[in-house]
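> Sharing input-v3.cif here; it has mmCIF, C-alpha atoms.
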```cif
data_start
#
loop_
_atom_site.label_atom_id
_atom_site.label_comp_id
_atom_site.auth_asym_id
_atom_site.auth_seq_id
_atom_site.Cartn_x
_atom_site.Cartn_y
_atom_site.Cartn_z
CA MET U 1 -4.58 74.32 148.20
CA THR U 2 -3.77 75.77 144.79
CA SER U 3 -0.05 75.32 144.18
CA THR U 4 0.61 78.50 142.21
CA ALA U 5 -0.44 82.12 142.47
CA PRO U 6 -2.07 83.82 139.46
CA MET U 7 0.31 85.87 137.34
CA LEU U 8 0.06 89.57 136.58
CA THR U 9 1.67 91.10 133.50
CA LEU U 10 3.77 94.22 134.03
CA ASN U 11 3.88 97.11 131.55
CA ASN U 12 7.01 95.70 129.91
CA GLY U 13 5.52 92.22 129.44
CA VAL U 14 7.27 90.57 132.41
CA GLN U 15 5.01 88.36 134.52
CA ILE U 16 4.93 88.55 138.30
CA PRO U 17 3.14 86.23 140.75
CA ALA U 18 0.28 88.25 142.25
CA LEU U 19 1.00 87.05 145.79
CA GLY U 20 4.44 87.16 147.40
CA LEU U 21 6.07 86.75 150.80
CA GLY U 22 7.37 89.92 152.44
CA VAL U 23 10.28 89.78 154.88
CA PHE U 24 10.21 93.30 156.36
CA GLN U 25 11.20 93.34 160.04
CA SER U 26 12.00 89.61 159.89
CA PRO U 27 15.26 88.89 161.76
CA PRO U 28 17.80 87.09 159.56
CA GLU U 29 17.44 83.73 161.27
CA GLN U 30 13.63 83.87 161.04
CA THR U 31 13.78 85.08 157.45
CA ALA U 32 15.54 81.92 156.28
CA ASN U 33 12.90 79.67 157.85
CA ALA U 34 10.02 81.81 156.57
CA VAL U 35 11.30 81.86 152.99
CA ALA U 36 11.98 78.12 153.03
CA GLU U 37 8.46 77.45 154.29
CA ALA U 38 6.94 79.83 151.74
CA LEU U 39 8.72 78.10 148.88
CA ARG U 40 7.59 74.72 150.22
CA VAL U 41 3.97 75.89 150.33
CA GLY U 42 4.11 77.22 146.78
CA TYR U 43 5.08 80.90 146.90
CA ARG U 44 7.24 81.91 143.95
CA HIS U 45 7.62 85.61 144.73
CA ILE U 46 9.86 86.94 147.54
CA ASP U 47 10.03 90.65 148.43
CA THR U 48 13.04 91.94 150.35
CA ALA U 49 15.13 95.14 150.49
CA ALA U 50 18.63 96.33 151.29
CA ALA U 51 17.26 98.13 154.35
CA TYR U 52 15.75 94.92 155.76
CA GLY U 53 19.19 93.42 156.34
CA ASN U 54 18.18 89.94 155.22
CA GLU U 55 18.97 89.72 151.48
CA SER U 56 21.76 87.21 152.17
CA GLU U 57 19.36 84.87 153.97
CA VAL U 58 16.89 85.08 151.10
CA GLY U 59 19.67 84.28 148.64
CA GLU U 60 20.93 81.33 150.68
CA VAL U 61 17.47 79.75 150.88
CA LEU U 62 16.93 80.22 147.15
CA ARG U 63 20.25 78.46 146.45
CA ARG U 64 19.40 75.56 148.71
CA SER U 65 15.77 75.20 147.65
CA GLY U 66 16.43 73.16 144.52
CA ILE U 67 13.88 75.30 142.69
CA SER U 68 15.08 76.58 139.31
CA ARG U 69 15.99 80.26 139.19
CA GLU U 70 13.38 80.95 136.51
CA GLU U 71 10.57 79.81 138.79
CA VAL U 72 11.12 82.35 141.60
CA PHE U 73 10.47 86.08 141.22
CA VAL U 74 12.82 88.10 143.45
CA GLU U 75 12.15 91.73 144.30
CA THR U 76 14.41 94.06 146.27
CA LYS U 77 14.81 97.78 146.94
CA VAL U 78 17.45 100.50 147.00
CA TRP U 79 17.58 102.43 150.28
CA ILE U 80 17.68 106.24 150.24
CA THR U 81 21.27 106.48 151.48
CA ASP U 82 22.33 104.89 148.18
CA TYR U 83 20.43 107.27 145.91
CA GLY U 84 22.33 108.93 143.09
CA TYR U 85 23.39 107.37 139.79
CA GLU U 86 26.71 105.73 140.66
CA SER U 87 25.68 104.95 144.24
CA THR U 88 22.56 103.14 143.04
CA LEU U 89 24.57 101.09 140.54
CA LYS U 90 26.86 100.06 143.40
CA ALA U 91 23.85 99.30 145.59
CA PHE U 92 22.57 96.95 142.91
CA GLU U 93 25.85 95.07 142.83
CA THR U 94 25.75 94.72 146.62
CA SER U 95 22.19 93.40 146.58
CA ALA U 96 22.90 91.06 143.67
CA GLN U 97 25.93 89.67 145.50
CA LYS U 98 23.98 89.13 148.73
CA LEU U 99 21.13 87.48 146.84
CA ASP U 100 23.67 85.53 144.74
CA LEU U 101 21.81 86.51 141.57
CA ASP U 102 23.11 87.72 138.24
CA VAL U 103 19.69 89.17 137.37
CA ILE U 104 17.15 90.60 139.80
CA ASP U 105 13.54 90.33 138.68
CA LEU U 106 12.28 93.62 140.11
CA PHE U 107 14.46 96.42 141.47
CA ILE U 108 12.72 99.42 142.99
CA LEU U 109 13.39 102.69 144.81
CA HIS U 110 12.33 102.40 148.44
CA GLN U 111 11.08 105.97 149.02
CA PRO U 112 10.52 109.13 146.92
CA VAL U 113 12.58 111.43 149.23
CA PRO U 114 10.91 114.60 147.83
CA HIS U 115 13.26 117.03 149.62
CA ARG U 116 16.15 115.83 147.43
CA PHE U 117 14.29 114.51 144.46
CA ASN U 118 17.20 115.13 142.08
CA ASP U 119 18.99 112.24 143.80
CA THR U 120 15.83 110.14 143.43
CA VAL U 121 15.72 110.84 139.70
CA ASP U 122 19.41 109.98 139.34
CA ALA U 123 18.80 106.74 141.22
CA TYR U 124 15.92 105.90 138.91
CA ARG U 125 18.11 106.61 135.87
CA ALA U 126 20.51 104.01 137.27
CA LEU U 127 17.60 101.56 137.36
CA VAL U 128 16.88 102.38 133.71
CA LYS U 129 20.51 101.61 132.90
CA LEU U 130 20.33 98.28 134.73
CA LEU U 131 17.16 97.43 132.82
CA ALA U 132 18.80 98.29 129.48
CA ASP U 133 21.81 96.14 130.41
CA GLY U 134 19.64 93.14 131.29
CA ARG U 135 20.72 93.12 134.95
CA VAL U 136 17.08 93.57 136.06
CA ARG U 137 13.90 92.39 134.37
CA ALA U 138 11.70 95.22 135.63
CA ILE U 139 12.06 98.43 137.63
CA GLY U 140 9.74 100.33 139.90
CA VAL U 141 9.19 102.52 142.93
CA SER U 142 7.74 102.29 146.41
CA ASN U 143 5.71 104.74 148.49
CA PHE U 144 5.37 107.20 145.59
CA MET U 145 2.34 109.46 145.86
CA PRO U 146 0.73 110.92 142.69
CA GLN U 147 2.81 114.11 142.89
CA HIS U 148 6.01 112.07 143.13
CA LEU U 149 5.02 109.93 140.16
CA GLU U 150 4.19 113.03 138.14
CA ARG U 151 7.64 114.50 138.83
CA LEU U 152 9.40 111.23 137.99
CA LEU U 153 7.50 110.66 134.76
CA ALA U 154 8.25 114.22 133.67
CA GLU U 155 12.01 113.67 134.01
CA THR U 156 12.48 110.07 132.84
CA GLU U 157 11.43 107.99 129.86
CA ILE U 158 10.69 104.55 131.33
CA VAL U 159 7.44 104.23 133.29
CA PRO U 160 7.87 102.23 136.52
CA ALA U 161 6.38 98.75 136.32
CA VAL U 162 5.33 98.69 139.98
CA ASN U 163 4.53 101.11 142.80
CA GLN U 164 4.57 99.32 146.16
CA VAL U 165 2.55 101.26 148.75
CA GLU U 166 0.81 100.76 152.08
CA LEU U 167 -2.64 99.48 151.16
CA HIS U 168 -5.21 97.65 153.27
CA PRO U 169 -8.93 98.07 154.01
CA TYR U 170 -8.33 100.93 156.46
CA PHE U 171 -5.99 102.77 154.05
CA ILE U 172 -7.00 102.28 150.43
CA GLN U 173 -5.21 105.24 148.82
CA PRO U 174 -7.66 105.65 145.90
CA GLU U 175 -5.74 108.60 144.44
CA VAL U 176 -2.52 106.56 144.33
CA GLN U 177 -4.29 103.59 142.77
CA ARG U 178 -5.86 105.87 140.16
CA ALA U 179 -2.55 107.53 139.29
CA ASN U 180 -0.87 104.13 139.00
CA ALA U 181 -3.61 102.79 136.74
CA GLU U 182 -3.54 105.85 134.48
CA ALA U 183 0.21 105.44 133.99
CA GLY U 184 0.06 101.67 133.49
CA ILE U 185 1.80 100.93 136.80
CA LEU U 186 0.87 97.87 138.88
CA THR U 187 -0.21 98.71 142.43
CA GLN U 188 1.50 96.41 144.91
CA ALA U 189 0.32 96.39 148.52
CA TRP U 190 2.64 96.24 151.50
CA SER U 191 0.92 95.66 154.85
CA PRO U 192 -1.94 94.20 152.77
CA ILE U 193 -3.82 92.88 155.79
CA GLY U 194 -3.00 95.83 158.07
CA GLY U 195 -2.63 95.83 161.80
CA ILE U 196 0.49 93.66 161.97
CA THR U 197 3.58 95.81 161.71
CA VAL U 198 4.12 98.49 164.33
CA TYR U 199 5.65 101.80 163.26
CA PRO U 200 6.59 103.96 166.26
CA GLY U 201 4.95 107.35 165.97
CA TRP U 202 2.65 106.36 163.11
CA GLY U 203 -0.80 104.88 162.76
CA ASN U 204 -2.12 106.07 166.12
CA GLY U 205 -5.75 105.07 166.37
CA LEU U 206 -5.64 103.04 163.16
CA GLY U 207 -7.02 99.92 164.81
CA ASN U 208 -6.43 96.29 163.91
CA VAL U 209 -8.02 95.47 160.56
CA LEU U 210 -7.91 91.78 161.43
CA GLN U 211 -10.48 92.44 164.14
CA ASP U 212 -12.87 94.46 161.99
CA PRO U 213 -16.47 93.16 162.39
CA THR U 214 -17.37 93.67 158.71
CA ILE U 215 -14.42 91.58 157.58
CA ALA U 216 -15.16 89.03 160.30
CA GLN U 217 -18.71 88.62 158.97
CA ILE U 218 -17.50 88.14 155.40
CA ALA U 219 -14.89 85.66 156.64
CA THR U 220 -17.60 83.67 158.45
CA THR U 221 -19.69 83.57 155.29
CA HIS U 222 -16.83 82.04 153.32
CA GLN U 223 -15.43 79.95 156.20
CA ARG U 224 -12.13 81.76 155.84
CA SER U 225 -9.91 83.90 158.04
CA ALA U 226 -9.96 87.69 158.04
CA ALA U 227 -6.48 87.71 156.48
CA GLN U 228 -7.62 85.43 153.65
CA VAL U 229 -10.58 87.70 152.93
CA MET U 230 -8.33 90.76 152.72
CA LEU U 231 -5.85 89.06 150.42
CA ARG U 232 -8.69 87.90 148.19
CA TRP U 233 -9.95 91.50 148.13
CA HIS U 234 -6.58 92.63 146.77
CA LEU U 235 -6.33 89.89 144.17
CA GLN U 236 -9.84 90.37 142.79
CA GLN U 237 -9.09 94.03 142.21
CA GLY U 238 -5.95 93.24 140.23
CA ARG U 239 -3.35 94.22 142.81
CA SER U 240 -0.19 92.43 143.85
CA ALA U 241 -0.02 91.76 147.59
CA ILE U 242 2.98 91.06 149.82
CA PRO U 243 1.83 89.65 153.17
CA LYS U 244 4.57 89.25 155.76
CA SER U 245 4.73 86.40 158.27
CA VAL U 246 7.29 84.16 159.93
CA ASN U 247 4.59 81.82 161.28
CA PRO U 248 4.40 78.62 159.17
CA THR U 249 0.64 78.25 159.71
CA ARG U 250 -0.06 81.83 158.62
CA ILE U 251 2.33 81.59 155.69
CA ALA U 252 0.33 78.63 154.40
CA GLU U 253 -3.02 80.24 155.23
CA ASN U 254 -2.11 83.43 153.38
CA PHE U 255 -1.35 81.42 150.24
CA ASP U 256 -4.62 79.48 150.36
CA VAL U 257 -6.74 82.21 148.75
CA PHE U 258 -7.17 81.12 145.14
CA ASP U 259 -10.25 78.88 145.37
CA PHE U 260 -12.97 81.26 146.58
CA SER U 261 -14.35 84.62 145.47
CA LEU U 262 -15.87 87.65 147.15
CA THR U 263 -19.06 89.14 145.77
CA GLU U 264 -19.14 92.67 144.38
CA ASP U 265 -21.14 93.72 147.43
CA GLU U 266 -18.54 92.25 149.79
CA ILE U 267 -15.74 94.07 147.97
CA ALA U 268 -17.74 97.31 148.25
CA GLN U 269 -18.23 96.72 151.98
CA ILE U 270 -14.48 96.32 152.46
CA ASP U 271 -13.74 99.38 150.32
CA ALA U 272 -16.07 101.38 152.57
CA LEU U 273 -13.86 100.69 155.61
CA ASN U 274 -11.23 103.18 154.42
CA THR U 275 -10.24 105.62 157.18
CA GLY U 276 -7.53 107.47 155.28
CA VAL U 277 -5.15 106.90 158.22
CA ARG U 278 -1.68 105.53 157.55
CA GLY U 279 -0.14 102.77 159.63
CA GLY U 280 3.36 103.56 158.37
CA PRO U 281 5.45 106.66 157.68
CA ASP U 282 4.28 109.49 155.45
CA PRO U 283 6.54 109.40 152.36
CA GLU U 284 6.86 113.19 152.56
CA ALA U 285 8.52 112.80 155.98
CA VAL U 286 11.13 110.14 155.12
CA ARG U 287 14.50 111.89 154.92
#
```
Let me see the file written as structure tokens.

Amino acid sequence: MTSTAPMLTLNNGVQIPALGLGVFQSPPEQTANAVAEALRVGYRHIDTAAAYGNESEVGEVLRRSGISREEVFVETKVWITDYGYESTLKAFETSAQKLDLDVIDLFILHQPVPHRFNDTVDAYRALVKLLADGRVRAIGVSNFMPQHLERLLAETEIVPAVNQVELHPYFIQPEVQRANAEAGILTQAWSPIGGITVYPGWGNGLGNVLQDPTIAQIATTHQRSAAQVMLRWHLQQGRSAIPKSVNPTRIAENFDVFDFSLTEDEIAQIDALNTGVRGGPDPEAVR
């Protein structure tokens, strides 16, 4: 197993490991074990959020890991109830305290909240301030559609480094990827293997990507799992991916994706699986 993930360079020169561990919907006690196992396996990128309720556990494991601070890339998010300039600055201090970090590597807005976008812009301006002050190394957004990015870029001066969005073979979001690329924003995939996380009221009829016969055939060809094929698909197209698991075997399996390659035809086959159906909430509906 390769011990380190390839690095991607953000638009401000900061480097980020292409593959990270996500801890969404991981209970605090399971989060600690999952992060510890991920660090043991070789992950050096952890993605959490204020809304997940497990930043303290992430911070505790990082402290106890014995791994130098500079080696681990930590990403967290501001929840929408803390939007607004001063509120977002306070939210940063809360997250930094829970994570026990003086500097957070990547700090992003969790949702665009288009019905009160002025608050979103004010929150982003707080991120710009934190960046200027050296409290964060990079800033970004999550779940921003092209129209949200256009509005943000029109009202602020610093282009987000990252846009973390739902992205897997059944929901490729080509328009979002295109808008990100044109602006110099890294596309980061949450739910990168699809079919795992359940969102009540969303994703009806989406299906389980892990059971897709096309992906199964490609996995057989490479003697890999369906999840490994999907993560390789992300990496070969230059995306960052944040698979979530609390299962030690799957955590290790998801990291073992750096020593094989998909063909151009196989990537095209996976691209063709796009249904355009979300598994998670529509960003326009998050209020």
> Taking all atoms listed in the file into account, produce a table as JSON lines in which each residue of segment 50-116 of chain U with an atom at most 7 Å from an atom of segment 22-30 of chain U appears once, together with its shortest atom pair and the distance in Å to one decimal, ordered by chain and rising number.

```
{"residue": "U:Tyr52", "atom": "CA", "partner": "U:Phe24", "partner_atom": "CA", "distance": 5.8}
{"residue": "U:Asn54", "atom": "CA", "partner": "U:Pro28", "partner_atom": "CA", "distance": 5.2}
{"residue": "U:Glu57", "atom": "CA", "partner": "U:Pro28", "partner_atom": "CA", "distance": 6.2}
```
> Rank U:Phe255, U:Tyr124, U:Trp190, U:Phe260 by their smallest atom-to-atom distance to Arg44 of chain U, using all atoms listed in the file, and report the top residue only.
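Going through U:Phe255, U:Tyr124, U:Trp190, U:Phe260 one by one, the smallest distance to Arg44 of chain U is for U:Phe255.
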> Would you work out the distance separating atom CA of Gly276 of chain U from atom CA of Gln177 of chain U, expressed in Å to one decimal?
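That distance, rounded to one decimal, is 13.5 Å.
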> Find the spatial neighbours of Thr4 of chain U, counting only C-alpha atoms, within a cut-off of 12 Å - ignore same-chain residues fewer than 6 positions away - and output them as a list of chain:residue names.
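What passes the distance filter is U:Ile16, U:Pro17, U:Ala18, U:Leu19, U:Gly20, U:Ala38, U:Leu39, U:Arg40, U:Val41, U:Gly42, U:Tyr43, U:Arg44, U:His45, U:Glu71, U:Val72, U:Phe255, U:Asp256, U:Val257, U:Phe258, U:Asp259.
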> List as a PDB file with C-alpha atoms, in the frame of the given file: which residues have an atom within 8 Å of (8.8, 93.4, 136.8), counting all atoms listed in the file?

```pdb
ATOM      1  CA  LEU U  10       3.770  94.220 134.030  1.00  0.00           C
ATOM      2  CA  ASN U  12       7.010  95.700 129.910  1.00  0.00           C
ATOM      3  CA  VAL U  14       7.270  90.570 132.410  1.00  0.00           C
ATOM      4  CA  GLN U  15       5.010  88.360 134.520  1.00  0.00           C
ATOM      5  CA  ILE U  16       4.930  88.550 138.300  1.00  0.00           C
ATOM      6  CA  ASP U 105      13.540  90.330 138.680  1.00  0.00           C
ATOM      7  CA  LEU U 106      12.280  93.620 140.110  1.00  0.00           C
ATOM      8  CA  PHE U 107      14.460  96.420 141.470  1.00  0.00           C
ATOM      9  CA  ARG U 137      13.900  92.390 134.370  1.00  0.00           C
ATOM     10  CA  ALA U 138      11.700  95.220 135.630  1.00  0.00           C
ATOM     11  CA  ILE U 139      12.060  98.430 137.630  1.00  0.00           C
ATOM     12  CA  GLY U 140       9.740 100.330 139.900  1.00  0.00           C
ATOM     13  CA  ALA U 161       6.380  98.750 136.320  1.00  0.00           C
ATOM     14  CA  VAL U 162       5.330  98.690 139.980  1.00  0.00           C
TER      15      VAL U 162
END
```
